[in-house]
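Structure data follow from structure29.csv (CSV, C-alpha atoms and all ligand atoms):
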```
chain,number,residue,atom,x,y,z
A,1232,MET,CA,0.0,0.0,0.0
A,1233,VAL,CA,1.2,3.5,-0.7
A,1234,LYS,CA,1.2,5.3,2.6
A,1235,VAL,CA,-0.9,8.5,2.5
A,1236,THR,CA,0.6,11.0,4.9
A,1237,LEU,CA,-1.1,14.1,6.1
A,1238,LYS,CA,1.6,15.1,8.5
A,1239,ASP,CA,4.3,13.1,10.3
A,1240,GLY,CA,2.5,10.4,12.1
A,1241,VAL,CA,-0.9,11.2,10.6
A,1242,TYR,CA,-2.1,8.8,7.9
A,1243,TRP,CA,-5.2,8.3,5.8
A,1244,VAL,CA,-6.5,4.7,6.2
A,1245,GLY,CA,-9.8,5.1,4.5
A,1246,VAL,CA,-11.3,3.4,1.4
A,1247,ILE,CA,-12.5,4.5,-2.0
A,1248,ASP,CA,-16.0,3.5,-3.0
A,1249,TRP,CA,-15.6,3.9,-6.7
A,1250,ASN,CA,-18.9,2.4,-7.8
A,1251,ILE,CA,-21.5,3.7,-5.4
A,1252,ARG,CA,-24.1,5.6,-7.4
A,1253,ASP,CA,-27.0,6.0,-4.9
A,1254,PHE,CA,-26.2,7.3,-1.4
A,1255,HIS,CA,-29.6,7.1,0.4
A,1256,GLY,CA,-31.3,8.6,-2.7
A,1257,TYR,CA,-28.6,11.1,-3.5
A,1258,ILE,CA,-27.1,10.2,-6.9
A,1259,THR,CA,-23.3,10.0,-6.5
A,1260,ASN,CA,-22.1,10.0,-10.1
A,1261,ARG,CA,-18.5,10.2,-9.1
A,1262,GLY,CA,-18.6,7.6,-6.2
A,1263,SER,CA,-17.4,8.4,-2.7
A,1264,THR,CA,-14.8,7.7,-0.1
A,1265,TYR,CA,-15.0,6.8,3.6
A,1266,ASN,CA,-12.0,8.4,5.2
A,1267,ALA,CA,-10.5,7.1,8.4
A,1268,TYR,CA,-7.2,8.4,9.9
A,1269,LEU,CA,-4.5,6.8,12.0
A,1270,ILE,CA,-2.4,8.9,14.3
A,1271,GLN,CA,0.8,7.5,15.7
A,1272,ASP,CA,2.6,9.0,18.6
A,1273,GLU,CA,3.5,7.5,22.0
A,1274,LYS,CA,-0.1,6.4,21.9
A,1275,THR,CA,-2.1,5.5,18.7
A,1276,ALA,CA,-5.6,6.7,17.8
A,1277,LEU,CA,-7.9,5.7,15.0
A,1278,ILE,CA,-10.3,8.4,13.9
A,1279,ASP,CA,-13.5,6.8,12.6
A,1280,THR,CA,-13.9,3.6,10.6
A,1281,VAL,CA,-15.5,2.8,7.3
A,1282,LYS,CA,-18.6,1.2,5.7
A,1283,HIS,CA,-18.8,-2.4,6.7
A,1284,GLN,CA,-18.3,-3.9,3.2
A,1285,PHE,CA,-14.8,-2.3,3.2
A,1286,SER,CA,-13.7,-3.3,6.7
A,1287,GLU,CA,-11.2,-5.8,5.4
A,1288,GLU,CA,-9.4,-3.1,3.5
A,1289,LEU,CA,-9.3,-0.8,6.5
A,1290,VAL,CA,-7.9,-3.7,8.6
A,1291,ARG,CA,-5.2,-4.3,6.0
A,1292,LYS,CA,-4.2,-0.6,5.9
A,1293,VAL,CA,-4.0,-0.3,9.6
A,1294,LYS,CA,-1.9,-3.5,9.9
A,1295,GLU,CA,0.6,-2.0,7.4
A,1296,LEU,CA,1.2,0.8,9.9
A,1297,THR,CA,0.8,-0.8,13.3
A,1298,SER,CA,-0.8,-3.8,15.0
A,1299,PHE,CA,-4.4,-3.5,16.3
A,1300,GLU,CA,-3.2,-4.3,19.9
A,1301,LYS,CA,-1.3,-1.0,19.8
A,1302,ILE,CA,-4.3,1.1,19.2
A,1303,ASP,CA,-5.1,3.1,22.4
A,1304,TYR,CA,-8.1,5.0,21.2
A,1305,ILE,CA,-10.9,4.7,18.6
A,1306,ILE,CA,-12.6,8.1,18.1
A,1307,VAL,CA,-16.2,7.9,16.7
A,1308,ASN,CA,-16.9,11.3,15.3
A,1309,HIS,CA,-20.3,10.2,13.9
A,1310,VAL,CA,-22.4,7.0,14.2
A,1311,GLU,CA,-24.0,6.9,10.7
A,1312,MET,CA,-23.3,3.5,9.2
A,1313,ASP,CA,-21.0,4.8,6.4
A,1314,HIS,CA,-18.5,5.6,9.2
A,1315,SER,CA,-19.3,3.2,12.0
A,1316,SER,CA,-20.6,-0.1,10.5
A,1317,SER,CA,-17.2,-1.7,10.7
A,1318,LEU,CA,-16.7,-0.5,14.3
A,1319,PRO,CA,-17.9,-3.7,15.9
A,1320,GLU,CA,-15.3,-5.7,13.9
A,1321,ILE,CA,-12.5,-3.2,14.5
A,1322,ALA,CA,-13.3,-2.9,18.2
A,1323,LYS,CA,-12.9,-6.7,18.5
A,1324,LEU,CA,-9.4,-6.4,16.9
A,1325,ALA,CA,-8.3,-3.4,18.9
A,1326,VAL,CA,-8.5,-5.1,22.2
A,1327,ASN,CA,-6.7,-2.4,24.2
A,1328,ALA,CA,-8.5,0.5,22.7
A,1329,LYS,CA,-10.8,2.9,24.5
A,1330,ILE,CA,-13.7,4.0,22.3
A,1331,LEU,CA,-14.6,7.7,22.6
A,1332,SER,CA,-17.6,9.5,21.3
A,1333,SER,CA,-20.0,12.3,22.3
A,1334,ALA,CA,-22.7,11.4,24.8
A,1335,ARG,CA,-25.3,11.2,22.0
A,1336,GLY,CA,-22.8,9.1,20.1
A,1337,LYS,CA,-22.6,6.6,22.9
A,1338,GLU,CA,-26.4,6.3,23.0
A,1339,GLU,CA,-26.6,5.8,19.3
A,1340,LEU,CA,-23.8,3.3,19.2
A,1341,ILE,CA,-25.7,1.2,21.8
A,1342,GLU,CA,-28.9,1.6,19.7
A,1343,HIS,CA,-27.0,0.5,16.5
A,1344,PHE,CA,-24.7,-2.3,17.8
A,1345,GLY,CA,-25.9,-3.3,21.2
A,1346,LYS,CA,-24.9,-3.3,24.8
A,1347,GLU,CA,-21.2,-4.1,24.2
A,1348,PHE,CA,-20.9,-0.4,23.4
A,1349,GLU,CA,-21.9,0.6,27.0
A,1350,ARG,CA,-18.1,0.6,27.5
A,1351,VAL,CA,-17.8,3.7,25.3
A,1352,GLU,CA,-16.4,6.7,27.1
A,1353,THR,CA,-17.8,10.1,26.3
A,1354,VAL,CA,-16.1,13.4,25.6
A,1355,LYS,CA,-17.5,16.9,25.2
A,1356,SER,CA,-16.3,20.2,23.6
A,1357,GLY,CA,-12.9,21.3,24.9
A,1358,ASP,CA,-11.9,17.8,26.2
A,1359,GLU,CA,-8.4,16.8,25.2
A,1360,ILE,CA,-6.5,13.5,25.0
A,1361,LYS,CA,-2.6,13.6,25.0
A,1362,LEU,CA,-1.1,11.0,22.6
A,1363,GLY,CA,2.5,12.2,23.4
A,1364,SER,CA,3.6,15.2,21.4
A,1365,LYS,CA,0.2,15.3,19.7
A,1366,THR,CA,-3.1,16.3,21.3
A,1367,LEU,CA,-6.6,15.5,20.2
A,1368,ARG,CA,-9.2,18.1,21.1
A,1369,PHE,CA,-12.9,17.5,20.7
A,1370,VAL,CA,-15.6,19.9,19.5
A,1371,GLU,CA,-19.2,18.7,19.6
A,1372,ALA,CA,-21.1,19.5,16.4
A,1373,PRO,CA,-24.7,18.3,17.0
A,1374,MET,CA,-26.8,17.9,13.8
A,1375,LEU,CA,-23.7,18.2,11.5
A,1376,HIS,CA,-24.9,15.8,10.4
A,1377,TRP,CA,-26.6,13.8,13.3
A,1378,PRO,CA,-27.2,14.7,17.0
A,1379,ASP,CA,-24.0,12.7,17.8
A,1380,SER,CA,-21.6,14.4,15.4
A,1381,MET,CA,-18.4,15.9,16.7
A,1382,PHE,CA,-15.1,17.3,15.2
A,1383,THR,CA,-11.7,16.1,16.3
A,1384,TYR,CA,-8.9,18.7,16.1
A,1385,LEU,CA,-5.3,17.6,16.1
A,1386,VAL,CA,-3.8,20.6,18.0
A,1387,GLU,CA,-0.1,20.6,17.1
A,1388,ASP,CA,-0.6,19.6,13.5
A,1389,LYS,CA,-3.5,22.0,13.1
A,1390,ILE,CA,-5.7,19.5,11.4
A,1391,LEU,CA,-9.5,19.6,11.7
A,1392,MET,CA,-11.3,16.2,11.3
A,1393,PRO,CA,-14.9,17.3,11.0
A,1394,ASN,CA,-16.3,14.0,9.7
A,1395,ASP,CA,-19.3,14.8,7.3
A,1396,ALA,CA,-18.7,18.6,7.3
A,1397,PHE,CA,-16.7,19.9,4.3
A,1398,GLY,CA,-16.9,16.5,2.5
A,1399,GLN,CA,-17.7,15.6,-1.0
A,1400,HIS,CA,-18.9,12.4,-2.6
A,1401,LEU,CA,-15.9,12.1,-4.9
A,1402,ALA,CA,-13.9,8.9,-5.6
A,1403,SER,CA,-10.4,9.7,-6.6
A,1404,SER,CA,-7.0,8.1,-6.5
A,1405,GLU,CA,-5.8,11.5,-5.3
A,1406,ARG,CA,-6.3,12.5,-1.7
A,1407,PHE,CA,-5.6,16.2,-1.6
A,1408,ASP,CA,-7.3,19.4,-2.9
A,1409,ASP,CA,-4.1,20.5,-4.8
A,1410,GLU,CA,-4.1,17.2,-6.8
A,1411,VAL,CA,-7.6,17.3,-8.3
A,1412,ASP,CA,-9.5,19.4,-10.8
A,1413,GLN,CA,-10.9,22.4,-8.8
A,1414,HIS,CA,-14.1,22.6,-10.8
A,1415,ILE,CA,-15.0,19.0,-10.2
A,1416,LEU,CA,-14.0,19.3,-6.5
A,1417,MET,CA,-16.3,22.4,-5.9
A,1418,GLU,CA,-19.1,20.9,-8.0
A,1419,GLU,CA,-19.1,17.8,-5.7
A,1420,ALA,CA,-18.7,19.9,-2.6
A,1421,THR,CA,-21.7,22.0,-3.7
A,1422,MET,CA,-23.8,19.0,-4.4
A,1423,TYR,CA,-22.9,17.5,-1.0
A,1424,TYR,CA,-23.9,20.7,0.8
A,1425,ALA,CA,-27.2,21.0,-1.2
A,1426,ASN,CA,-28.3,17.5,-0.6
A,1427,ILE,CA,-27.0,16.8,3.0
A,1428,LEU,CA,-26.4,20.0,4.8
A,1429,MET,CA,-28.8,22.5,3.4
A,1430,PRO,CA,-31.5,22.1,6.1
A,1431,LEU,CA,-28.8,22.6,8.7
A,1432,SER,CA,-27.7,25.9,7.4
A,1433,PRO,CA,-28.4,28.0,10.5
A,1434,LEU,CA,-26.4,25.6,12.6
A,1435,ILE,CA,-23.5,25.6,10.2
A,1436,THR,CA,-23.2,29.4,10.3
A,1437,ARG,CA,-23.2,29.3,14.1
A,1438,LYS,CA,-20.7,26.4,14.2
A,1439,ILE,CA,-18.2,28.1,11.9
A,1440,GLN,CA,-18.5,31.3,13.9
A,1441,GLU,CA,-17.9,29.3,17.0
A,1442,VAL,CA,-14.8,27.6,15.6
A,1443,VAL,CA,-13.5,31.0,14.3
A,1444,ALA,CA,-14.0,32.5,17.8
A,1445,MET,CA,-12.0,29.7,19.3
A,1446,GLN,CA,-9.1,31.0,17.3
A,1447,ILE,CA,-7.8,27.6,16.5
A,1448,PRO,CA,-5.4,27.7,13.5
A,1449,ILE,CA,-6.4,25.3,10.7
A,1450,GLU,CA,-3.8,24.2,8.2
A,1451,MET,CA,-5.8,21.2,7.0
A,1452,ILE,CA,-9.4,20.0,6.9
A,1453,ALA,CA,-9.6,16.2,6.7
A,1454,PRO,CA,-13.3,15.3,6.2
A,1455,SER,CA,-14.8,11.8,6.2
A,1456,HIS,CA,-15.8,11.9,2.5
A,1457,GLY,CA,-13.7,12.8,-0.5
A,1458,ILE,CA,-10.7,15.1,-0.8
A,1459,ILE,CA,-8.6,16.5,2.1
A,1460,TRP,CA,-8.3,20.3,2.0
A,1461,ARG,CA,-4.6,21.1,2.6
A,1462,LYS,CA,-3.7,23.8,0.1
A,1463,ASP,CA,-6.7,26.0,0.7
A,1464,PRO,CA,-8.9,24.9,3.6
A,1465,MET,CA,-10.5,28.4,3.8
A,1466,LYS,CA,-11.9,27.9,0.3
A,1467,ILE,CA,-14.4,25.4,1.6
A,1468,VAL,CA,-15.0,27.2,4.9
A,1469,ASN,CA,-15.9,30.4,2.9
A,1470,ALA,CA,-18.1,28.4,0.6
A,1471,TYR,CA,-20.0,26.9,3.5
A,1472,LEU,CA,-20.4,30.4,5.0
A,1473,ASN,CA,-21.9,31.6,1.7
A,1474,TRP,CA,-24.2,28.6,1.3
A,1475,SER,CA,-25.3,28.6,4.9
A,1476,GLN,CA,-26.3,32.3,4.7
A,1477,ASN,CA,-28.4,31.5,1.6
A,1478,ALA,CA,-26.3,33.5,-0.8
A,1479,THR,CA,-28.3,33.5,-4.1
A,1480,LYS,CA,-28.0,35.0,-7.6
A,1481,ASN,CA,-30.4,36.1,-10.3
A,1482,LYS,CA,-31.1,32.6,-11.4
A,1483,VAL,CA,-34.3,30.7,-12.2
A,1484,VAL,CA,-34.3,26.9,-12.0
A,1485,ILE,CA,-37.1,25.2,-13.9
A,1486,VAL,CA,-37.8,21.6,-12.7
A,1487,PHE,CA,-40.5,19.7,-14.6
A,1488,ASP,CA,-41.7,16.5,-16.2
A,1489,THR,CA,-43.9,15.9,-19.1
A,1490,MET,CA,-46.2,13.3,-20.6
A,1491,TRP,CA,-46.9,14.4,-24.2
A,1492,ASN,CA,-44.5,17.4,-24.4
A,1493,SER,CA,-47.1,20.0,-23.4
A,1494,THR,CA,-45.4,20.8,-20.1
A,1495,ASP,CA,-42.0,20.5,-21.8
A,1496,LYS,CA,-43.1,23.2,-24.3
A,1497,MET,CA,-44.4,25.4,-21.5
A,1498,ALA,CA,-41.1,25.0,-19.6
A,1499,ARG,CA,-39.0,26.0,-22.6
A,1500,ALA,CA,-41.2,29.1,-23.2
A,1501,ILE,CA,-41.0,30.1,-19.6
A,1502,GLY,CA,-37.2,29.6,-19.6
A,1503,ASP,CA,-37.0,31.8,-22.7
A,1504,GLY,CA,-39.0,34.5,-21.0
A,1505,ALA,CA,-36.9,34.5,-17.9
A,1506,ALA,CA,-33.6,34.5,-19.9
A,1507,TYR,CA,-34.9,37.4,-22.1
A,1508,ALA,CA,-35.5,39.3,-18.8
A,1509,GLY,CA,-31.8,38.9,-18.1
A,1510,VAL,CA,-31.5,36.1,-15.5
A,1511,ASP,CA,-29.6,32.8,-15.6
A,1512,VAL,CA,-31.9,29.9,-16.4
A,1513,LYS,CA,-31.5,26.2,-15.8
A,1514,LEU,CA,-34.0,23.8,-17.2
A,1515,LEU,CA,-34.1,20.3,-15.7
A,1516,LYS,CA,-36.5,17.6,-16.8
A,1517,LEU,CA,-36.9,15.0,-14.1
A,1518,ARG,CA,-36.1,11.5,-15.6
A,1519,SER,CA,-33.2,13.2,-17.3
A,1520,TYR,CA,-31.8,14.8,-14.1
A,1521,ALA,CA,-31.8,13.3,-10.6
A,1522,ILE,CA,-33.6,15.2,-7.8
A,1523,SER,CA,-30.2,15.6,-6.1
A,1524,GLU,CA,-28.9,17.4,-9.2
A,1525,ALA,CA,-32.0,19.6,-9.2
A,1526,MET,CA,-31.4,20.6,-5.6
A,1527,THR,CA,-27.8,21.4,-6.4
A,1528,GLU,CA,-28.9,23.9,-9.0
A,1529,ILE,CA,-31.5,25.3,-6.6
A,1530,LEU,CA,-29.0,26.0,-3.9
A,1531,ASP,CA,-28.0,29.4,-5.3
A,1532,ALA,CA,-31.2,30.2,-7.2
A,1533,LYS,CA,-33.6,33.0,-6.4
A,1534,ALA,CA,-36.6,31.3,-8.0
A,1535,VAL,CA,-37.7,27.8,-8.6
A,1536,LEU,CA,-40.5,27.1,-11.2
A,1537,VAL,CA,-42.0,23.6,-11.0
A,1538,GLY,CA,-44.0,22.1,-13.9
A,1539,SER,CA,-46.1,19.0,-14.1
A,1540,PRO,CA,-48.7,17.5,-16.3
A,1541,THR,CA,-51.9,16.3,-14.6
A,1542,LEU,CA,-52.2,12.6,-14.0
A,1543,ASN,CA,-55.4,11.3,-12.4
A,1544,ASN,CA,-56.1,14.8,-11.0
A,1545,GLN,CA,-52.7,14.9,-9.3
A,1546,MET,CA,-49.1,16.1,-10.0
A,1547,PHE,CA,-46.9,13.6,-11.9
A,1548,PRO,CA,-45.2,11.1,-9.5
A,1549,THR,CA,-41.7,12.4,-10.3
A,1550,LEU,CA,-42.8,15.9,-9.1
A,1551,SER,CA,-44.3,14.4,-6.0
A,1552,SER,CA,-40.9,12.7,-5.3
A,1553,PHE,CA,-39.1,16.0,-6.0
A,1554,LEU,CA,-41.3,18.1,-3.8
A,1555,THR,CA,-41.0,15.6,-0.9
A,1556,TYR,CA,-37.2,15.7,-1.2
A,1557,ALA,CA,-37.1,19.5,-1.6
A,1558,THR,CA,-39.4,20.3,1.3
A,1559,GLY,CA,-37.2,18.1,3.6
A,1560,LEU,CA,-34.1,20.0,2.6
A,1561,LYS,CA,-35.9,23.3,3.5
A,1562,PRO,CA,-34.3,25.7,0.9
A,1563,LYS,CA,-34.7,29.3,2.2
A,1564,GLY,CA,-35.2,32.6,0.5
A,1565,LYS,CA,-36.5,31.4,-2.9
A,1566,LEU,CA,-39.6,32.3,-4.8
A,1567,TRP,CA,-41.6,29.3,-6.0
A,1568,GLY,CA,-43.9,29.2,-9.0
A,1569,PHE,CA,-45.9,26.4,-10.5
A,1570,PHE,CA,-47.2,25.5,-14.0
A,1571,GLY,CA,-48.5,22.6,-15.9
A,1572,SER,CA,-50.8,21.1,-18.5
A,1573,TYR,CA,-54.0,19.2,-18.1
A,1574,GLY,CA,-56.6,17.5,-20.3
A,1575,TRP,CA,-60.0,18.0,-18.5
A,1576,GLY,CA,-60.2,18.3,-14.8
A,1577,GLY,CA,-56.7,19.6,-13.9
A,1578,GLY,CA,-55.2,19.3,-10.5
A,1579,ALA,CA,-51.4,19.2,-10.9
A,1580,VAL,CA,-50.7,22.8,-10.2
A,1581,LYS,CA,-53.2,22.9,-7.3
A,1582,SER,CA,-51.7,19.8,-5.6
A,1583,MET,CA,-48.1,21.3,-6.0
A,1584,VAL,CA,-49.1,24.7,-4.6
A,1585,LYS,CA,-50.7,22.9,-1.6
A,1586,VAL,CA,-47.5,21.0,-0.9
A,1587,ALA,CA,-45.3,24.1,-1.3
A,1588,LYS,CA,-47.5,26.3,1.0
A,1589,GLU,CA,-47.6,23.6,3.7
A,1590,ALA,CA,-43.8,23.6,3.5
A,1591,GLY,CA,-43.8,27.4,4.1
A,1592,PHE,CA,-42.3,28.2,0.7
A,1593,ASP,CA,-42.9,31.7,-0.7
A,1594,VAL,CA,-45.3,30.8,-3.5
A,1595,VAL,CA,-46.4,32.9,-6.5
A,1596,GLU,CA,-50.2,32.7,-6.0
A,1597,GLN,CA,-51.1,32.6,-9.6
A,1598,GLY,CA,-49.9,29.4,-11.2
A,1599,LEU,CA,-50.1,28.8,-14.9
A,1600,GLU,CA,-52.2,26.0,-16.4
A,1601,ILE,CA,-52.7,25.2,-20.1
A,1602,LYS,CA,-55.3,22.8,-21.5
A,1603,PHE,CA,-54.0,19.9,-23.6
A,1604,VAL,CA,-51.4,21.4,-26.0
A,1605,PRO,CA,-50.1,25.0,-25.8
A,1606,ASP,CA,-50.8,27.1,-28.9
A,1607,GLU,CA,-49.1,30.4,-29.9
A,1608,GLU,CA,-51.2,32.4,-27.4
A,1609,ASP,CA,-50.5,30.0,-24.6
A,1610,LEU,CA,-46.7,30.0,-25.3
A,1611,LYS,CA,-46.8,33.8,-25.2
A,1612,LYS,CA,-48.4,33.5,-21.7
A,1613,CYS,CA,-45.6,31.2,-20.7
A,1614,PHE,CA,-43.0,33.6,-22.0
A,1615,GLU,CA,-44.6,36.4,-20.0
A,1616,PHE,CA,-44.8,34.2,-16.9
A,1617,GLY,CA,-41.0,33.6,-17.1
A,1618,GLN,CA,-40.4,37.3,-17.6
A,1619,GLN,CA,-42.6,38.3,-14.6
A,1620,ILE,CA,-40.8,35.8,-12.3
A,1621,ALA,CA,-37.4,37.2,-13.5
A,1622,GLN,CA,-38.5,40.7,-12.9
A,1623,LYS,CA,-39.6,39.8,-9.4
A,1624,ILE,CA,-36.3,38.3,-8.4
A,1625,LYS,CA,-34.3,41.2,-10.0
A,1626,VAL,CA,-36.0,43.8,-7.8
B,1,LIG,FE1,-21.2,10.3,6.1
B,1,LIG,FE2,-23.8,11.4,8.1
B,1,LIG,O1,-22.6,10.2,7.3
```

Translate the structure described by the file into structure tokens.
Ligand code: FEO
Amino acid sequence: MVKVTLKDGVYWVGVIDWNIRDFHGYITNRGSTYNAYLIQDEKTALIDTVKHQFSEELVRKVKELTSFEKIDYIIVNHVEMDHSSSLPEIAKLAVNAKILSSARGKEELIEHFGKEFERVETVKSGDEIKLGSKTLRFVEAPMLHWPDSMFTYLVEDKILMPNDAFGQHLASSERFDDEVDQHILMEEATMYYANILMPLSPLITRKIQEVVAMQIPIEMIAPSHGIIWRKDPMKIVNAYLNWSQNATKNKVVIVFDTMWNSTDKMARAIGDGAAYAGVDVKLLKLRSYAISEAMTEILDAKAVLVGSPTLNNQMFPTLSSFLTYATGLKPKGKLWGFFGSYGWGGGAVKSMVKVAKEAGFDVVEQGLEIKFVPDEEDLKKCFEFGQQIAQKIKV
């Protein structure tokens, strides 16, 4: 194995999941990684483990650096299964290791893996463990991304290990930010934020402000997914600050589906109208784009226009799935508009508006509905609808 060294005595022992394409509903077109780190000093600590199907690879990587009997601490920054499902196996091998987690982490470990995890010792913000010349300091980070989540900070090496925060679902043979294409890196970091962390934005702003106030120098951010930020860790911190404060631009995202192309024609005319009014427009047909890709585009948009044909007096199932996903992610500060086609009774626009209002979205009251196939006059109305929405967000 090629040893991946972050700093002297600090090693990446994670695994690359090249072929995962669906991460609990989030389409991961570029795979992912589950990062774990081994820190060797007078004492040895393993930070996090990996998804169970890769535990054999983690075991092999650790054994190339040390024996499991020499591990003194296993730090569980987060209990979600992508990071902890090999812990029961690793804990059996690391017979001398104390397992440390937050108090909520201990509860969740017992709930996941049983009473043998009653032996877990808990840490809280500010607690430190001396490994020798290196010190681990813990910072609780509840809800980033679960109630148990915490960050581990390696004091002397100035490395922050924040688990899910600042990650990306990006499989790569490179491990560091200065080794990969920056556009791809930020594209995946954006998608990760939009689909995992967006509903936690207020907490993220506060947590970053809290870490800044602690005045801890950060030379490297080593998350639990994807690339390690060593050249420019502030790049991702600043991006998180922007996203968490709902920074948006004059951009309209049109998300729709279609049965016989009527709603498709409407979407295109609405997009033309918005673009004519001078805003950036993205047009995403569900079944061509995943809902996780749509949410990524929505992250920095000022308006979202959602179009559906009517099927059995309801919105089309793909739109129902999209709206369920979108309402859970709680996007803030956007204007929502609805449009669609119908044959006789209608119902799609009404059912979508109901969902959006119940979610607390800022909804344009007057949706746009067209019977059967839009003619020239109908397409003109669509164009004007797009123009009006663009004008509203430009104000
Ligand atoms: Fe990567 Fe919340 O688990």

Determine, using only C-alpha atoms and all ligand atoms, which residues of chain A have any atom at most 12 Å from an atom of ligand LIG 1 (chain B), and tabulate each with its shortest atom pair and distance in Å to one decimal place, rows ordered by chain and then rising number, as a Markdown table.
```
| residue | atom | partner | partner_atom | distance |
| --- | --- | --- | --- | --- |
| A:Phe1254 | CA | B:LIG1 | FE1 | 9.5 |
| A:His1255 | CA | B:LIG1 | O1 | 10.3 |
| A:Ser1263 | CA | B:LIG1 | FE1 | 9.8 |
| A:Thr1264 | CA | B:LIG1 | FE1 | 9.3 |
| A:Tyr1265 | CA | B:LIG1 | FE1 | 7.5 |
| A:Asn1266 | CA | B:LIG1 | FE1 | 9.4 |
| A:Ala1267 | CA | B:LIG1 | FE1 | 11.4 |
| A:Asp1279 | CA | B:LIG1 | FE1 | 10.7 |
| A:Thr1280 | CA | B:LIG1 | FE1 | 10.9 |
| A:Val1281 | CA | B:LIG1 | FE1 | 9.5 |
| A:Lys1282 | CA | B:LIG1 | FE1 | 9.5 |
| A:Val1307 | CA | B:LIG1 | O1 | 11.6 |
| A:Asn1308 | CA | B:LIG1 | O1 | 9.9 |
| A:His1309 | CA | B:LIG1 | FE2 | 6.9 |
| A:Val1310 | CA | B:LIG1 | O1 | 7.6 |
| A:Glu1311 | CA | B:LIG1 | O1 | 4.9 |
| A:Met1312 | CA | B:LIG1 | O1 | 7.0 |
| A:Asp1313 | CA | B:LIG1 | FE1 | 5.5 |
| A:His1314 | CA | B:LIG1 | FE1 | 6.2 |
| A:Ser1315 | CA | B:LIG1 | O1 | 9.1 |
| A:Ser1316 | CA | B:LIG1 | O1 | 11.0 |
| A:Ala1372 | CA | B:LIG1 | FE2 | 11.9 |
| A:Pro1373 | CA | B:LIG1 | FE2 | 11.3 |
| A:Met1374 | CA | B:LIG1 | FE2 | 9.2 |
| A:Leu1375 | CA | B:LIG1 | FE2 | 7.6 |
| A:His1376 | CA | B:LIG1 | FE2 | 5.1 |
| A:Trp1377 | CA | B:LIG1 | FE2 | 6.4 |
| A:Pro1378 | CA | B:LIG1 | FE2 | 10.1 |
| A:Asp1379 | CA | B:LIG1 | FE2 | 9.8 |
| A:Ser1380 | CA | B:LIG1 | FE2 | 8.2 |
| A:Met1381 | CA | B:LIG1 | FE2 | 11.1 |
| A:Pro1393 | CA | B:LIG1 | FE1 | 10.6 |
| A:Asn1394 | CA | B:LIG1 | FE1 | 7.1 |
| A:Asp1395 | CA | B:LIG1 | FE1 | 5.0 |
| A:Ala1396 | CA | B:LIG1 | FE1 | 8.8 |
| A:Phe1397 | CA | B:LIG1 | FE1 | 10.8 |
| A:Gly1398 | CA | B:LIG1 | FE1 | 8.4 |
| A:Gln1399 | CA | B:LIG1 | FE1 | 9.5 |
| A:His1400 | CA | B:LIG1 | FE1 | 9.2 |
| A:Tyr1423 | CA | B:LIG1 | FE1 | 10.3 |
| A:Tyr1424 | CA | B:LIG1 | FE2 | 11.8 |
| A:Asn1426 | CA | B:LIG1 | FE2 | 11.5 |
| A:Ile1427 | CA | B:LIG1 | FE2 | 8.1 |
| A:Leu1428 | CA | B:LIG1 | FE2 | 9.6 |
| A:Pro1454 | CA | B:LIG1 | FE1 | 9.3 |
| A:Ser1455 | CA | B:LIG1 | FE1 | 6.6 |
| A:His1456 | CA | B:LIG1 | FE1 | 6.7 |
| A:Gly1457 | CA | B:LIG1 | FE1 | 10.3 |
```

#### Entry: d(atom CA of Val1512 of chain A, atom CA of Leu1554 of chain A) in Å
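A separation of 19.7 Å between them.
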
Practice item. Give me the residues within 8 Å of Gly1564 of chain A as a count of residues only, counting all atoms listed in the file and dropping any in the same chain fewer than 6 places off. Key: 3

Of A:Lys1462, A:Arg1368, A:His1283, A:Lys1581, the one nearest to Asn1544 of chain A when counting all atoms listed in the file is A:Lys1581

Q | Nearby residues (all atoms listed in the file) at most 7 Å from Ala1334 of chain A, same-chain spacing under 2 positions excluded, as an MDAnalysis selection string | A | chainID A and resid 1332 1336:1338 1353:1354

* Asked: Which residues, written as a PyMOL selection string, have at least one atom at most 12 Å from Thr1436 of chain A, with only C-alpha atoms counted and residues fewer than 4 positions away on the same chain left out?
  -> chain A and resi 1372+1375+1428-1432+1440-1443+1468-1477

Output of the above residues as a PDB file, in the coordinates of the input, restricted to C-alpha atoms:
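Output (result-v8.pdb):
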```
ATOM      1  CA  ALA A1372     -21.100  19.500  16.400  1.00  0.00           C
ATOM      2  CA  LEU A1375     -23.700  18.200  11.500  1.00  0.00           C
ATOM      3  CA  LEU A1428     -26.400  20.000   4.800  1.00  0.00           C
ATOM      4  CA  MET A1429     -28.800  22.500   3.400  1.00  0.00           C
ATOM      5  CA  PRO A1430     -31.500  22.100   6.100  1.00  0.00           C
ATOM      6  CA  LEU A1431     -28.800  22.600   8.700  1.00  0.00           C
ATOM      7  CA  SER A1432     -27.700  25.900   7.400  1.00  0.00           C
ATOM      8  CA  GLN A1440     -18.500  31.300  13.900  1.00  0.00           C
ATOM      9  CA  GLU A1441     -17.900  29.300  17.000  1.00  0.00           C
ATOM     10  CA  VAL A1442     -14.800  27.600  15.600  1.00  0.00           C
ATOM     11  CA  VAL A1443     -13.500  31.000  14.300  1.00  0.00           C
ATOM     12  CA  VAL A1468     -15.000  27.200   4.900  1.00  0.00           C
ATOM     13  CA  ASN A1469     -15.900  30.400   2.900  1.00  0.00           C
ATOM     14  CA  ALA A1470     -18.100  28.400   0.600  1.00  0.00           C
ATOM     15  CA  TYR A1471     -20.000  26.900   3.500  1.00  0.00           C
ATOM     16  CA  LEU A1472     -20.400  30.400   5.000  1.00  0.00           C
ATOM     17  CA  ASN A1473     -21.900  31.600   1.700  1.00  0.00           C
ATOM     18  CA  TRP A1474     -24.200  28.600   1.300  1.00  0.00           C
ATOM     19  CA  SER A1475     -25.300  28.600   4.900  1.00  0.00           C
ATOM     20  CA  GLN A1476     -26.300  32.300   4.700  1.00  0.00           C
ATOM     21  CA  ASN A1477     -28.400  31.500   1.600  1.00  0.00           C
TER      22      ASN A1477
END
```
